[in-house]
file structure28.txt (compact mmCIF, C-alpha atoms)
# COMPACT_ATOMS: atom_id res chain seq x y z
CA MET A 10 5.13 -36.99 -14.49
CA SER A 11 4.02 -36.15 -10.96
CA ARG A 12 0.78 -34.15 -10.79
CA TYR A 13 2.36 -31.80 -8.28
CA PHE A 14 5.19 -31.11 -10.75
CA LEU A 15 2.62 -30.59 -13.53
CA LEU A 16 0.80 -28.03 -11.36
CA LEU A 17 4.06 -26.16 -10.77
CA LEU A 18 4.90 -26.30 -14.46
CA LEU A 19 1.53 -24.87 -15.50
CA THR A 20 1.42 -22.04 -12.96
CA SER A 21 5.09 -21.00 -12.93
CA PRO A 22 4.92 -18.89 -16.14
CA PHE A 23 2.15 -16.71 -14.65
CA ILE A 24 4.03 -16.29 -11.38
CA LEU A 25 7.19 -15.38 -13.28
CA LEU A 26 5.29 -12.94 -15.50
CA SER A 27 3.78 -11.23 -12.47
CA ILE A 28 7.16 -10.87 -10.75
CA LEU A 29 8.69 -9.59 -14.00
CA SER A 30 5.84 -7.10 -14.45
CA ALA A 31 6.29 -5.82 -10.86
CA LEU A 32 10.05 -5.50 -11.44
CA THR A 33 9.57 -3.61 -14.73
CA LYS A 34 7.08 -1.22 -13.09
CA TYR A 35 9.51 -0.54 -10.26
CA LYS A 36 12.52 -0.05 -12.53
CA LEU A 37 10.54 2.34 -14.76
CA GLY A 38 9.53 4.36 -11.72
CA ARG A 39 5.83 3.51 -12.00
CA SER A 40 5.65 1.96 -8.54
CA THR A 41 7.41 2.37 -5.23
CA LYS A 42 9.88 -0.06 -3.68
CA LYS A 43 7.29 -0.97 -1.05
CA HIS A 44 4.73 -1.97 -3.72
CA PHE A 45 7.35 -3.95 -5.59
CA VAL A 46 8.39 -5.86 -2.46
CA ILE A 47 4.75 -6.62 -1.53
CA GLN A 48 3.99 -7.89 -5.05
CA VAL A 49 7.07 -10.11 -5.14
CA VAL A 50 6.39 -11.49 -1.65
CA ILE A 51 2.76 -12.36 -2.58
CA TRP A 52 3.75 -14.20 -5.76
CA LEU A 53 6.73 -15.93 -4.11
CA LEU A 54 4.46 -17.16 -1.31
CA ILE A 55 2.10 -18.63 -3.94
CA PHE A 56 5.07 -20.26 -5.68
CA ILE A 57 6.48 -21.70 -2.44
CA GLY A 58 3.00 -22.96 -1.51
CA LEU A 59 2.63 -24.75 -4.84
CA ALA A 60 6.21 -26.09 -4.85
CA SER A 61 5.84 -27.58 -1.40
CA ALA A 62 2.24 -28.76 -1.88
CA GLU A 63 3.24 -32.43 -2.04
CA SER A 64 5.43 -32.26 1.08
CA ILE A 65 2.70 -30.38 2.96
CA TYR A 66 0.10 -32.98 1.91
CA ILE A 67 2.31 -35.91 2.97
CA TRP A 68 3.10 -34.29 6.31
CA LEU A 69 -0.57 -33.52 6.99
CA PHE A 70 -1.60 -37.04 5.96
CA GLN A 71 1.07 -38.73 8.09
CA HIS A 72 0.05 -36.70 11.12
CA LYS A 73 -3.62 -37.53 10.43
CA LEU A 74 -4.51 -33.88 9.95
CA THR A 75 -6.18 -34.55 6.60
CA GLN A 76 -8.01 -37.50 5.10
CA THR A 77 -8.36 -36.07 1.57
CA GLU A 78 -7.23 -37.85 -1.58
CA PRO A 79 -3.92 -36.85 -3.23
CA LEU A 80 -4.00 -34.21 -5.99
CA SER A 81 -6.18 -35.26 -8.92
CA LEU A 82 -5.85 -34.02 -12.50
CA PHE A 83 -9.01 -32.00 -11.99
CA ASP A 84 -7.41 -30.31 -8.94
CA VAL A 85 -4.38 -29.39 -11.07
CA ILE A 86 -6.61 -27.76 -13.70
CA GLN A 87 -8.68 -25.98 -11.05
CA ILE A 88 -5.68 -24.54 -9.16
CA THR A 89 -4.04 -23.46 -12.44
CA ALA A 90 -7.28 -21.71 -13.43
CA ILE A 91 -7.42 -19.90 -10.08
CA ILE A 92 -3.84 -18.66 -10.51
CA ILE A 93 -4.60 -17.47 -14.07
CA VAL A 94 -7.77 -15.68 -12.92
CA PHE A 95 -5.83 -14.00 -10.09
CA TYR A 96 -3.13 -12.91 -12.54
CA VAL A 97 -5.64 -11.58 -15.12
CA ALA A 98 -7.79 -9.85 -12.48
CA ASN A 99 -4.76 -8.09 -11.00
CA ARG A 100 -3.58 -6.87 -14.40
CA SER A 101 -7.07 -5.75 -15.41
CA ARG A 102 -7.59 -3.84 -12.17
CA SER A 103 -4.26 -2.12 -12.62
CA LYS A 104 -5.11 -1.12 -16.22
CA ILE A 105 -8.62 0.05 -15.28
CA GLU A 106 -7.13 2.25 -12.57
CA ILE A 107 -4.76 3.89 -15.04
CA LEU A 108 -7.64 4.50 -17.48
CA GLU A 109 -9.88 5.84 -14.70
CA LYS A 110 -7.19 8.30 -13.65
CA ARG A 111 -6.72 9.44 -17.27
CA VAL A 112 -10.47 9.99 -17.74
CA GLN A 113 -10.63 11.89 -14.44
CA ASP A 114 -7.72 14.13 -15.44
CA LEU A 115 -9.21 14.69 -18.89
CA HIS A 116 -12.60 15.61 -17.45
CA GLN A 117 -10.99 17.93 -14.91
CA GLU A 118 -8.90 19.72 -17.52
CA LEU A 119 -11.80 19.96 -19.96
CA SER A 120 -14.11 21.43 -17.31
CA ILE A 121 -11.53 24.05 -16.33
CA ARG A 122 -10.78 25.03 -19.94
CA LEU A 123 -14.43 25.17 -21.00
CA SER A 124 -15.26 27.35 -17.99
CA VAL A 125 -12.64 29.91 -19.10
CA LYS A 126 -14.39 30.30 -22.45
CA LYS A 127 -17.84 31.08 -20.91
CA MET B 13 -3.32 42.11 9.73
CA ASP B 14 -0.57 44.14 8.12
CA ILE B 15 0.43 42.52 4.84
CA ASP B 16 4.10 43.48 5.26
CA ASN B 17 4.24 41.66 8.57
CA VAL B 18 2.73 38.45 7.28
CA ASN B 19 5.10 35.56 7.82
CA ILE B 20 4.98 33.91 4.44
CA ASN B 21 6.01 30.31 4.57
CA ASN B 22 8.90 29.22 2.37
CA ASN B 23 6.61 26.90 0.46
CA MET B 24 4.49 29.75 -0.79
CA SER B 25 5.25 31.82 -3.80
CA THR B 26 7.66 34.64 -3.09
CA LYS B 27 6.97 36.42 -6.36
CA GLN B 28 4.53 38.77 -4.65
CA SER B 29 4.17 39.95 -1.08
CA THR B 30 0.40 39.47 -0.96
CA PRO B 31 -0.62 35.81 -1.01
CA LYS B 32 -3.33 34.90 -3.49
CA ILE B 33 -6.11 32.94 -1.81
CA CYS B 34 -8.58 30.72 -3.65
CA ILE B 35 -11.75 29.61 -1.86
CA ILE B 36 -13.13 26.49 -3.53
CA ILE B 37 -16.74 25.43 -3.02
CA PRO B 38 -17.57 22.04 -4.58
CA ALA B 39 -21.35 22.02 -5.07
CA TYR B 40 -23.96 19.52 -6.19
CA ASN B 41 -27.64 20.53 -6.27
CA GLU B 42 -27.16 23.34 -3.75
CA SER B 43 -29.31 26.03 -5.39
CA ALA B 44 -31.25 26.57 -2.13
CA VAL B 45 -28.23 27.80 -0.18
CA ILE B 46 -25.32 28.47 -2.53
CA GLY B 47 -26.26 32.16 -2.95
CA SER B 48 -26.29 32.84 0.79
CA VAL B 49 -23.07 30.85 1.34
CA ILE B 50 -21.29 32.98 -1.29
CA MET B 51 -22.70 36.25 0.09
CA SER B 52 -21.62 35.51 3.68
CA LEU B 53 -18.20 34.46 2.42
CA MET B 54 -17.80 37.65 0.36
CA ASN B 55 -18.71 39.79 3.39
CA GLU B 56 -16.23 37.99 5.59
CA LEU B 57 -13.41 38.08 3.03
CA LYS B 58 -13.55 41.90 2.97
CA ILE B 59 -11.56 41.96 6.23
CA LEU B 60 -8.76 39.89 4.67
CA LYS B 61 -6.13 42.07 3.04
CA TYR B 62 -5.19 39.36 0.58
CA LEU B 63 -6.11 38.81 -3.03
CA THR B 64 -9.02 36.42 -2.78
CA SER B 65 -11.04 34.57 -5.36
CA ILE B 66 -14.07 32.35 -4.90
CA VAL B 67 -14.50 29.38 -7.23
CA VAL B 68 -17.61 27.21 -7.27
CA VAL B 69 -17.12 23.78 -8.83
CA ASN B 70 -20.58 22.78 -9.98
CA ASP B 71 -20.50 18.98 -10.07
CA SER B 72 -23.02 18.66 -12.91
CA SER B 73 -25.97 19.75 -10.75
CA GLN B 74 -29.48 19.27 -12.05
CA ASP B 75 -30.76 22.47 -10.45
CA ASP B 76 -29.74 26.15 -10.79
CA THR B 77 -26.59 25.95 -8.64
CA SER B 78 -24.37 27.11 -11.52
CA ILE B 79 -26.61 30.04 -12.55
CA ILE B 80 -27.07 31.29 -8.98
CA ALA B 81 -23.34 31.05 -8.26
CA ARG B 82 -22.47 32.87 -11.50
CA ASN B 83 -25.02 35.60 -10.75
CA SER B 84 -23.43 36.04 -7.33
CA GLY B 85 -20.28 37.17 -9.11
CA VAL B 86 -17.97 34.23 -8.48
CA TYR B 87 -16.03 32.09 -10.93
CA VAL B 88 -17.84 28.85 -11.78
CA ILE B 89 -16.36 25.66 -13.17
CA ASP B 90 -19.06 23.38 -14.53
CA HIS B 91 -18.29 19.68 -14.47
CA ILE B 92 -19.44 17.92 -17.61
CA LEU B 93 -20.01 14.69 -15.68
CA ASN B 94 -20.94 14.18 -12.07
CA SER B 95 -17.66 13.17 -10.40
CA GLY B 96 -18.40 13.15 -6.69
CA ALA B 97 -17.05 15.35 -3.91
CA GLY B 98 -13.50 14.10 -4.39
CA GLY B 99 -13.54 14.82 -8.12
CA ALA B 100 -15.01 18.32 -7.68
CA THR B 101 -12.47 19.18 -4.99
CA ALA B 102 -9.62 17.93 -7.20
CA THR B 103 -10.85 20.15 -10.07
CA GLY B 104 -10.98 23.19 -7.79
CA LEU B 105 -7.50 22.57 -6.43
CA SER B 106 -6.14 21.96 -9.93
CA TYR B 107 -7.61 25.32 -11.02
CA ALA B 108 -5.97 27.02 -8.01
CA GLU B 109 -2.63 25.41 -8.85
CA GLN B 110 -2.79 26.33 -12.54
CA ASN B 111 -3.67 29.94 -11.74
CA GLY B 112 -0.80 30.51 -9.32
CA PHE B 113 -2.72 30.74 -6.04
CA ASP B 114 -0.56 30.49 -2.92
CA ILE B 115 -3.26 29.16 -0.61
CA ALA B 116 -6.48 27.30 -1.37
CA VAL B 117 -9.37 26.64 0.97
CA THR B 118 -12.12 24.09 0.38
CA MET B 119 -15.46 24.41 2.14
CA ASP B 120 -18.85 22.71 1.94
CA ALA B 121 -21.61 24.33 -0.11
CA ASP B 122 -24.44 23.37 2.25
CA GLY B 123 -23.75 26.23 4.66
CA GLN B 124 -22.38 24.11 7.52
CA HIS B 125 -19.11 26.02 7.58
CA SER B 126 -18.84 29.53 8.92
CA ALA B 127 -17.18 32.09 6.65
CA SER B 128 -15.21 33.38 9.65
CA ASP B 129 -13.62 29.91 10.01
CA VAL B 130 -12.40 30.18 6.41
CA VAL B 131 -10.67 33.47 7.24
CA LYS B 132 -9.32 31.95 10.47
CA GLY B 133 -7.93 29.00 8.48
CA VAL B 134 -6.08 31.27 6.06
CA GLU B 135 -4.55 33.25 8.91
CA GLU B 136 -3.62 30.06 10.76
CA ILE B 137 -1.83 28.42 7.80
CA ILE B 138 0.18 31.58 7.19
CA LYS B 139 1.07 31.80 10.88
CA ARG B 140 1.90 28.11 11.35
CA GLY B 141 3.51 27.43 7.96
CA ASP B 142 1.69 24.11 7.57
CA ASP B 143 0.93 22.45 4.25
CA LEU B 144 -2.50 21.08 5.07
CA LEU B 145 -4.74 22.49 7.76
CA ILE B 146 -7.92 20.61 8.68
CA GLY B 147 -10.86 22.48 10.17
CA SER B 148 -11.94 20.08 12.90
CA ARG B 149 -15.59 20.09 13.98
CA LEU B 150 -14.85 17.65 16.76
CA ILE B 151 -12.54 19.71 18.94
CA LYS B 152 -15.48 21.70 20.34
CA LYS B 153 -18.29 19.39 19.05
CA LYS B 154 -20.74 22.28 19.41
CA GLY B 155 -24.01 21.84 17.49
CA MET B 156 -23.24 18.33 16.32
CA SER B 157 -25.66 15.48 17.00
CA LYS B 158 -24.44 12.40 18.87
CA ALA B 159 -24.99 10.22 15.80
CA LYS B 160 -22.75 12.55 13.73
CA ILE B 161 -20.09 12.61 16.46
CA ILE B 162 -20.05 8.79 16.61
CA GLY B 163 -20.00 8.49 12.79
CA ASN B 164 -17.19 10.99 12.32
CA LYS B 165 -15.14 9.62 15.21
CA GLY B 166 -15.60 6.12 13.85
CA LEU B 167 -14.31 7.18 10.44
CA SER B 168 -11.36 8.94 12.06
CA ILE B 169 -10.49 5.75 13.96
CA ILE B 170 -10.74 3.69 10.75
CA THR B 171 -8.57 6.26 8.95
CA TYR B 172 -6.01 5.82 11.72
CA MET B 173 -6.17 2.02 11.51
CA LEU B 174 -5.83 1.92 7.73
CA PHE B 175 -3.41 4.77 7.11
CA GLY B 176 -1.88 5.68 10.47
CA ILE B 177 -3.22 9.25 10.36
CA ASN B 178 -4.28 10.68 13.69
CA SER B 179 -6.99 13.24 12.99
CA THR B 180 -9.91 14.26 15.18
CA ASP B 181 -12.07 14.97 12.11
CA SER B 182 -10.83 13.09 9.04
CA GLN B 183 -14.05 13.85 7.10
CA SER B 184 -14.07 17.63 7.44
CA GLY B 185 -14.66 19.52 4.19
CA LEU B 186 -13.00 22.70 5.43
CA ARG B 187 -9.35 22.34 4.55
CA VAL B 188 -6.61 24.84 3.85
CA PHE B 189 -3.77 24.01 1.45
CA SER B 190 -0.36 25.59 0.98
CA ARG B 191 1.17 26.05 -2.49
CA ARG B 192 3.36 22.98 -1.86
CA ALA B 193 0.28 20.89 -1.11
CA LEU B 194 -1.47 22.25 -4.22
CA GLU B 195 1.44 21.19 -6.40
CA SER B 196 1.96 17.72 -4.97
CA LEU B 197 -1.23 16.39 -3.42
CA ARG B 198 -3.22 13.96 -5.61
CA TRP B 199 -5.65 11.17 -4.76
CA LYS B 200 -7.46 8.39 -6.62
CA THR B 201 -10.91 8.11 -5.05
CA SER B 202 -13.69 10.43 -6.16
CA GLY B 203 -16.39 9.93 -3.52
CA TYR B 204 -16.41 11.14 0.09
CA GLU B 205 -13.64 8.68 0.94
CA PHE B 206 -11.23 11.14 -0.68
CA CYS B 207 -11.14 13.01 2.68
CA SER B 208 -9.27 10.13 4.33
CA GLU B 209 -7.23 9.27 1.24
CA MET B 210 -6.06 12.88 0.95
CA LEU B 211 -4.65 12.72 4.50
CA TRP B 212 -2.90 9.46 3.64
CA ARG B 213 -1.34 10.93 0.46
CA ALA B 214 -0.26 14.02 2.41
CA LYS B 215 1.44 11.78 4.95
CA GLN B 216 3.19 9.83 2.16
CA LEU B 217 4.47 13.15 0.76
CA ASN B 218 5.70 14.23 4.20
CA LEU B 219 3.46 17.30 4.13
CA GLN B 220 2.96 19.11 7.41
CA ILE B 221 -0.62 18.40 8.55
CA SER B 222 -2.35 20.07 11.47
CA GLU B 223 -5.83 20.99 12.71
CA TYR B 224 -7.71 23.97 14.01
CA SER B 225 -11.06 24.17 15.70
CA ILE B 226 -14.10 25.23 13.69
CA GLU B 227 -17.77 25.54 14.52
CA THR B 228 -20.51 23.64 12.71
CA ILE B 229 -23.71 25.32 11.62
CA TYR B 230 -26.32 22.60 11.44
CA THR B 231 -29.54 23.76 9.84
CA ASP B 232 -32.37 21.46 8.74
CA TYR B 233 -31.00 21.85 5.22
CA SER B 234 -27.38 20.95 6.03
CA LYS B 235 -28.59 18.02 8.17
CA SER B 236 -30.58 16.68 5.23
CA LYS B 237 -27.66 17.14 2.83
CA GLY B 238 -24.87 15.81 5.05
CA GLN B 239 -23.55 12.28 5.07
CA ASN B 240 -25.37 9.78 7.21
CA ASN B 241 -23.81 6.86 9.04
CA TRP B 242 -24.92 4.42 6.31
CA ASN B 243 -22.87 6.39 3.83
CA GLY B 244 -20.05 6.04 6.34
CA ILE B 245 -20.14 2.27 5.83
CA ASN B 246 -19.77 2.83 2.11
CA ILE B 247 -16.79 5.11 2.76
CA VAL B 248 -15.13 2.43 4.92
CA LYS B 249 -15.73 -0.20 2.22
CA ASN B 250 -14.11 2.00 -0.43
CA LEU B 251 -11.18 2.89 1.84
CA VAL B 252 -10.45 -0.78 2.55
CA LYS B 253 -10.66 -1.50 -1.20
CA ARG B 254 -8.26 1.38 -1.88
CA ARG B 255 -5.83 0.10 0.76
CA ILE B 256 -5.83 -3.43 -0.67
CA ALA B 257 -5.51 -2.14 -4.25
CA GLU B 258 -2.51 -0.09 -3.17
CA LEU B 259 -0.88 -3.19 -1.67
CA MET B 260 -1.39 -5.10 -4.92
CA GLY B 261 0.50 -2.41 -6.80
call {"tool": "encode", "arguments": {"input": "structure28.txt", "output": "structure tokens"}}
result
Amino acid sequence: MSRYFLLLLLTSPFILLSILSALTKYKLGRSTKKHFVIQVVIWLLIFIGLASAESIYIWLFQHKLTQTEPLSLFDVIQITAIIIVFYVANRSRSKIEILEKRVQDLHQELSIRLSVKK
Amino acid sequence: MDIDNVNINNNMSTKQSTPKICIIIPAYNESAVIGSVIMSLMNELKILKYLTSIVVVNDSSQDDTSIIARNSGVYVIDHILNSGAGGATATGLSYAEQNGFDIAVTMDADGQHSASDVVKGVEEIIKRGDDLLIGSRLIKKKGMSKAKIIGNKGLSIITYMLFGINSTDSQSGLRVFSRRALESLRWKTSGYEFCSEMLWRAKQLNLQISEYSIETIYTDYSKSKGQNNWNGINIVKNLVKRRIAELMG
């Protein structure tokens, strides 16, 4: 199996999950159309970049724009790890923001209600 | 101003002819001046023939801000945790919304805003029918140091670049809100960067935003309490973070 195909195979589930998550958020009214489009464009660009990595490398090599070695197994693992970290970081940030907003609202409401009792 | 002749904007409550005005003062460790700020405001509000209420949001101060404000006869909301200027302002506006106020005004607690500008703001929003009225210190620039002018203008330019909002003073604490703005306007940041984010959210909600000229009273105290240009860098950093986070969904 080609290493470029292996890279695509390993990262595709995370890209698909991210697009699915953005679509679900949009359909449930938790994000705007603009946010949904931006999210999808970002992940599609990553997917296209990975899918055409081999062609890009060959073109660059043929035109003597790069002298690097073809994709190694270590590179595949490293790029997959970067995609996973990006996916996890984005999800975590989104969840932290929701929690932060809830704590803020709770604190606000609590302060107002406790002030009434004084 | 004759109450019967007041042109009440459609967005305001029509249940009563006299608009209810809430003046919100977010305060953190302002015991040195909060008493005098409240007193001057009370004196000035006497000329307004509206139902007015002053609310101090004590952002978990470590000094006697809360006690002094309460002894001055105003309503005090004590924050349990220190939440920053944005958090304290949001609490004050939420209180105004929950208690059926038609107009809310926010002003700084350090005495840099004149009480007469608060009254002027209320009259202006009623006259113009805007949703958000910003008291701009940079239309006249009187009393402001060059460093402050550069800092504030810089932040206004960055606000324009990031959010497309054209404001002469995006960081002004004196703001007047209509009922519609009270009901819909929300923001995510809690520090001073909320000033720019609030304008951005207002734009997203298609709220009518405008400005009016105010004077700035710079005393040694307000100069020491105000934001410096280094804090401005922090504001820019947080605004850029907010903008990127918003893009990521």
call {"tool": "residues_around", "arguments": {"input": "structure28.txt", "residues": "stretch 12-29 of chain A", "least_positions_apart": "5", "cutoff": "12 Å", "atoms": "only C-alpha atoms", "output": "number ranges by chain"}}
result
A: 34-36, 44-67, 79-100; B: 260-261
call {"tool": "interface_residues", "arguments": {"input": "structure28.txt", "of": "chain A", "to": "chain B", "cutoff": "9 Å", "atoms": "all atoms listed in the file", "output": "PyMOL selection string"}}
result
chain A and resi 31+40-41+43-45+47-48+51+99+102-103+106+109-110+113-114+116-125
call {"tool": "write_last_selection", "arguments": {"input": "structure28.txt", "atoms": "C-alpha atoms", "output": "short mmCIF file (atom, residue, chain, number, x, y, z; two decimals), in the frame of the given file"}}
result
data_model
loop_
_atom_site.label_atom_id
_atom_site.label_comp_id
_atom_site.auth_asym_id
_atom_site.auth_seq_id
_atom_site.Cartn_x
_atom_site.Cartn_y
_atom_site.Cartn_z
CA ALA A 31 6.29 -5.82 -10.86
CA SER A 40 5.65 1.96 -8.54
CA THR A 41 7.41 2.37 -5.23
CA LYS A 43 7.29 -0.97 -1.05
CA HIS A 44 4.73 -1.97 -3.72
CA PHE A 45 7.35 -3.95 -5.59
CA ILE A 47 4.75 -6.62 -1.53
CA GLN A 48 3.99 -7.89 -5.05
CA ILE A 51 2.76 -12.36 -2.58
CA ASN A 99 -4.76 -8.09 -11.00
CA ARG A 102 -7.59 -3.84 -12.17
CA SER A 103 -4.26 -2.12 -12.62
CA GLU A 106 -7.13 2.25 -12.57
CA GLU A 109 -9.88 5.84 -14.70
CA LYS A 110 -7.19 8.30 -13.65
CA GLN A 113 -10.63 11.89 -14.44
CA ASP A 114 -7.72 14.13 -15.44
CA HIS A 116 -12.60 15.61 -17.45
CA GLN A 117 -10.99 17.93 -14.91
CA GLU A 118 -8.90 19.72 -17.52
CA LEU A 119 -11.80 19.96 -19.96
CA SER A 120 -14.11 21.43 -17.31
CA ILE A 121 -11.53 24.05 -16.33
CA ARG A 122 -10.78 25.03 -19.94
CA LEU A 123 -14.43 25.17 -21.00
CA SER A 124 -15.26 27.35 -17.99
CA VAL A 125 -12.64 29.91 -19.10
#
call {"tool": "atom_distance", "arguments": {"input": "structure28.txt", "atom1": "atom CA of B:Ala214", "atom2": "atom CA of B:Leu197"}}
result
6.4 Å
call {"tool": "closest_residue", "arguments": {"input": "structure28.txt", "among": "B:Arg213, B:Lys132, B:Lys237, B:His125", "to": "B:Gly176", "atoms": "all atoms listed in the file"}}
result
B:Arg213
call {"tool": "atom_distance", "arguments": {"input": "structure28.txt", "atom1": "atom CA of B:Arg192", "atom2": "atom CA of B:Ser72"}}
result
28.9 Å
call {"tool": "closest_residue", "arguments": {"input": "structure28.txt", "among": "B:Ser126, B:Ser168, B:Ser43, B:Ser48", "to": "B:Leu211", "atoms": "only C-alpha atoms"}}
result
B:Ser168
call {"tool": "closest_residue", "arguments": {"input": "structure28.txt", "among": "B:Phe206, B:Tyr230, B:Phe189, B:Phe113", "to": "B:Ser157", "atoms": "all atoms listed in the file"}}
result
B:Tyr230
call {"tool": "axis_aligned_box", "arguments": {"input": "structure28.txt", "around": "stretch 196-212 of chain B", "padding_each_side": "3 Å", "output": "AutoDock Vina command-line options"}}
result
--center_x -7.2 --center_y 12.9 --center_z -1.1 --size_x 24.4 --size_y 15.6 --size_z 17.1
call {"tool": "atom_distance", "arguments": {"input": "structure28.txt", "atom1": "atom CA of B:Ala159", "atom2": "atom CA of B:Tyr172"}}
result
19.9 Å
call {"tool": "closest_residue", "arguments": {"input": "structure28.txt", "among": "B:Thr77, B:Asp120, B:Lys32, B:Thr101", "to": "B:Leu53", "atoms": "all atoms listed in the file"}}
result
B:Asp120
call {"tool": "residues_near_point", "arguments": {"input": "structure28.txt", "point": "(0.5, 23.4, -3.0)", "cutoff": "8 Å", "atoms": "all atoms listed in the file", "output": "PyMOL selection string"}}
result
chain B and resi 23-24+109+114-115+143+189-197
call {"tool": "residues_near_point", "arguments": {"input": "structure28.txt", "point": "(-6.3, 17.5, 18.3)", "cutoff": "8 Å", "atoms": "only C-alpha atoms", "output": "mmCIF file with C-alpha atoms, keeping the file's coordinate frame"}}
result
data_model
loop_
_atom_site.group_PDB
_atom_site.id
_atom_site.type_symbol
_atom_site.label_atom_id
_atom_site.label_comp_id
_atom_site.auth_asym_id
_atom_site.auth_seq_id
_atom_site.Cartn_x
_atom_site.Cartn_y
_atom_site.Cartn_z
ATOM 1 C CA ILE B 151 -12.540 19.710 18.940
ATOM 2 C CA SER B 179 -6.990 13.240 12.990
ATOM 3 C CA THR B 180 -9.910 14.260 15.180
ATOM 4 C CA GLU B 223 -5.830 20.990 12.710
ATOM 5 C CA TYR B 224 -7.710 23.970 14.010
#
call {"tool": "build_atoms", "arguments": {"input": "structure28.txt", "residues": "stretch 105-122 of chain A", "atoms": "N, CA and C atoms", "output": "PDB file, keeping the file's coordinate frame"}}
result
ATOM      1  N   ILE A 105      -7.396  -0.748 -15.468  1.00  0.00           N
ATOM      2  CA  ILE A 105      -8.620   0.050 -15.280  1.00  0.00           C
ATOM      3  C   ILE A 105      -8.310   1.289 -14.447  1.00  0.00           C
ATOM      4  N   GLU A 106      -7.494   1.121 -13.434  1.00  0.00           N
ATOM      5  CA  GLU A 106      -7.130   2.250 -12.570  1.00  0.00           C
ATOM      6  C   GLU A 106      -6.402   3.335 -13.346  1.00  0.00           C
ATOM      7  N   ILE A 107      -5.504   2.914 -14.232  1.00  0.00           N
ATOM      8  CA  ILE A 107      -4.760   3.890 -15.040  1.00  0.00           C
ATOM      9  C   ILE A 107      -5.727   4.644 -15.955  1.00  0.00           C
ATOM     10  N   LEU A 108      -6.642   3.889 -16.585  1.00  0.00           N
ATOM     11  CA  LEU A 108      -7.640   4.500 -17.480  1.00  0.00           C
ATOM     12  C   LEU A 108      -8.561   5.453 -16.719  1.00  0.00           C
ATOM     13  N   GLU A 109      -8.985   5.025 -15.536  1.00  0.00           N
ATOM     14  CA  GLU A 109      -9.880   5.840 -14.700  1.00  0.00           C
ATOM     15  C   GLU A 109      -9.219   7.163 -14.359  1.00  0.00           C
ATOM     16  N   LYS A 110      -7.933   7.096 -14.016  1.00  0.00           N
ATOM     17  CA  LYS A 110      -7.190   8.300 -13.650  1.00  0.00           C
ATOM     18  C   LYS A 110      -7.076   9.231 -14.863  1.00  0.00           C
ATOM     19  N   ARG A 111      -6.833   8.628 -16.042  1.00  0.00           N
ATOM     20  CA  ARG A 111      -6.720   9.440 -17.270  1.00  0.00           C
ATOM     21  C   ARG A 111      -8.036  10.139 -17.586  1.00  0.00           C
ATOM     22  N   VAL A 112      -9.145   9.411 -17.462  1.00  0.00           N
ATOM     23  CA  VAL A 112     -10.470   9.990 -17.740  1.00  0.00           C
ATOM     24  C   VAL A 112     -10.758  11.112 -16.747  1.00  0.00           C
ATOM     25  N   GLN A 113     -10.431  10.872 -15.479  1.00  0.00           N
ATOM     26  CA  GLN A 113     -10.630  11.890 -14.440  1.00  0.00           C
ATOM     27  C   GLN A 113      -9.847  13.158 -14.763  1.00  0.00           C
ATOM     28  N   ASP A 114      -8.574  12.975 -15.124  1.00  0.00           N
ATOM     29  CA  ASP A 114      -7.720  14.130 -15.440  1.00  0.00           C
ATOM     30  C   ASP A 114      -8.235  14.868 -16.674  1.00  0.00           C
ATOM     31  N   LEU A 115      -8.681  14.100 -17.657  1.00  0.00           N
ATOM     32  CA  LEU A 115      -9.210  14.690 -18.890  1.00  0.00           C
ATOM     33  C   LEU A 115     -10.463  15.512 -18.601  1.00  0.00           C
ATOM     34  N   HIS A 116     -11.350  14.943 -17.806  1.00  0.00           N
ATOM     35  CA  HIS A 116     -12.600  15.610 -17.450  1.00  0.00           C
ATOM     36  C   HIS A 116     -12.321  16.885 -16.658  1.00  0.00           C
ATOM     37  N   GLN A 117     -11.376  16.787 -15.739  1.00  0.00           N
ATOM     38  CA  GLN A 117     -10.990  17.930 -14.910  1.00  0.00           C
ATOM     39  C   GLN A 117     -10.454  19.068 -15.773  1.00  0.00           C
ATOM     40  N   GLU A 118      -9.541  18.726 -16.666  1.00  0.00           N
ATOM     41  CA  GLU A 118      -8.900  19.720 -17.520  1.00  0.00           C
ATOM     42  C   GLU A 118      -9.916  20.345 -18.488  1.00  0.00           C
ATOM     43  N   LEU A 119     -10.769  19.503 -19.019  1.00  0.00           N
ATOM     44  CA  LEU A 119     -11.800  19.960 -19.960  1.00  0.00           C
ATOM     45  C   LEU A 119     -12.771  20.916 -19.273  1.00  0.00           C
ATOM     46  N   SER A 120     -13.175  20.573 -18.058  1.00  0.00           N
ATOM     47  CA  SER A 120     -14.110  21.430 -17.310  1.00  0.00           C
ATOM     48  C   SER A 120     -13.495  22.777 -17.015  1.00  0.00           C
ATOM     49  N   ILE A 121     -12.208  22.779 -16.634  1.00  0.00           N
ATOM     50  CA  ILE A 121     -11.530  24.050 -16.330  1.00  0.00           C
ATOM     51  C   ILE A 121     -11.414  24.902 -17.598  1.00  0.00           C
ATOM     52  N   ARG A 122     -10.981  24.278 -18.693  1.00  0.00           N
ATOM     53  CA  ARG A 122     -10.780  25.030 -19.940  1.00  0.00           C
ATOM     54  C   ARG A 122     -12.089  25.545 -20.528  1.00  0.00           C
TER      55      ARG A 122
END
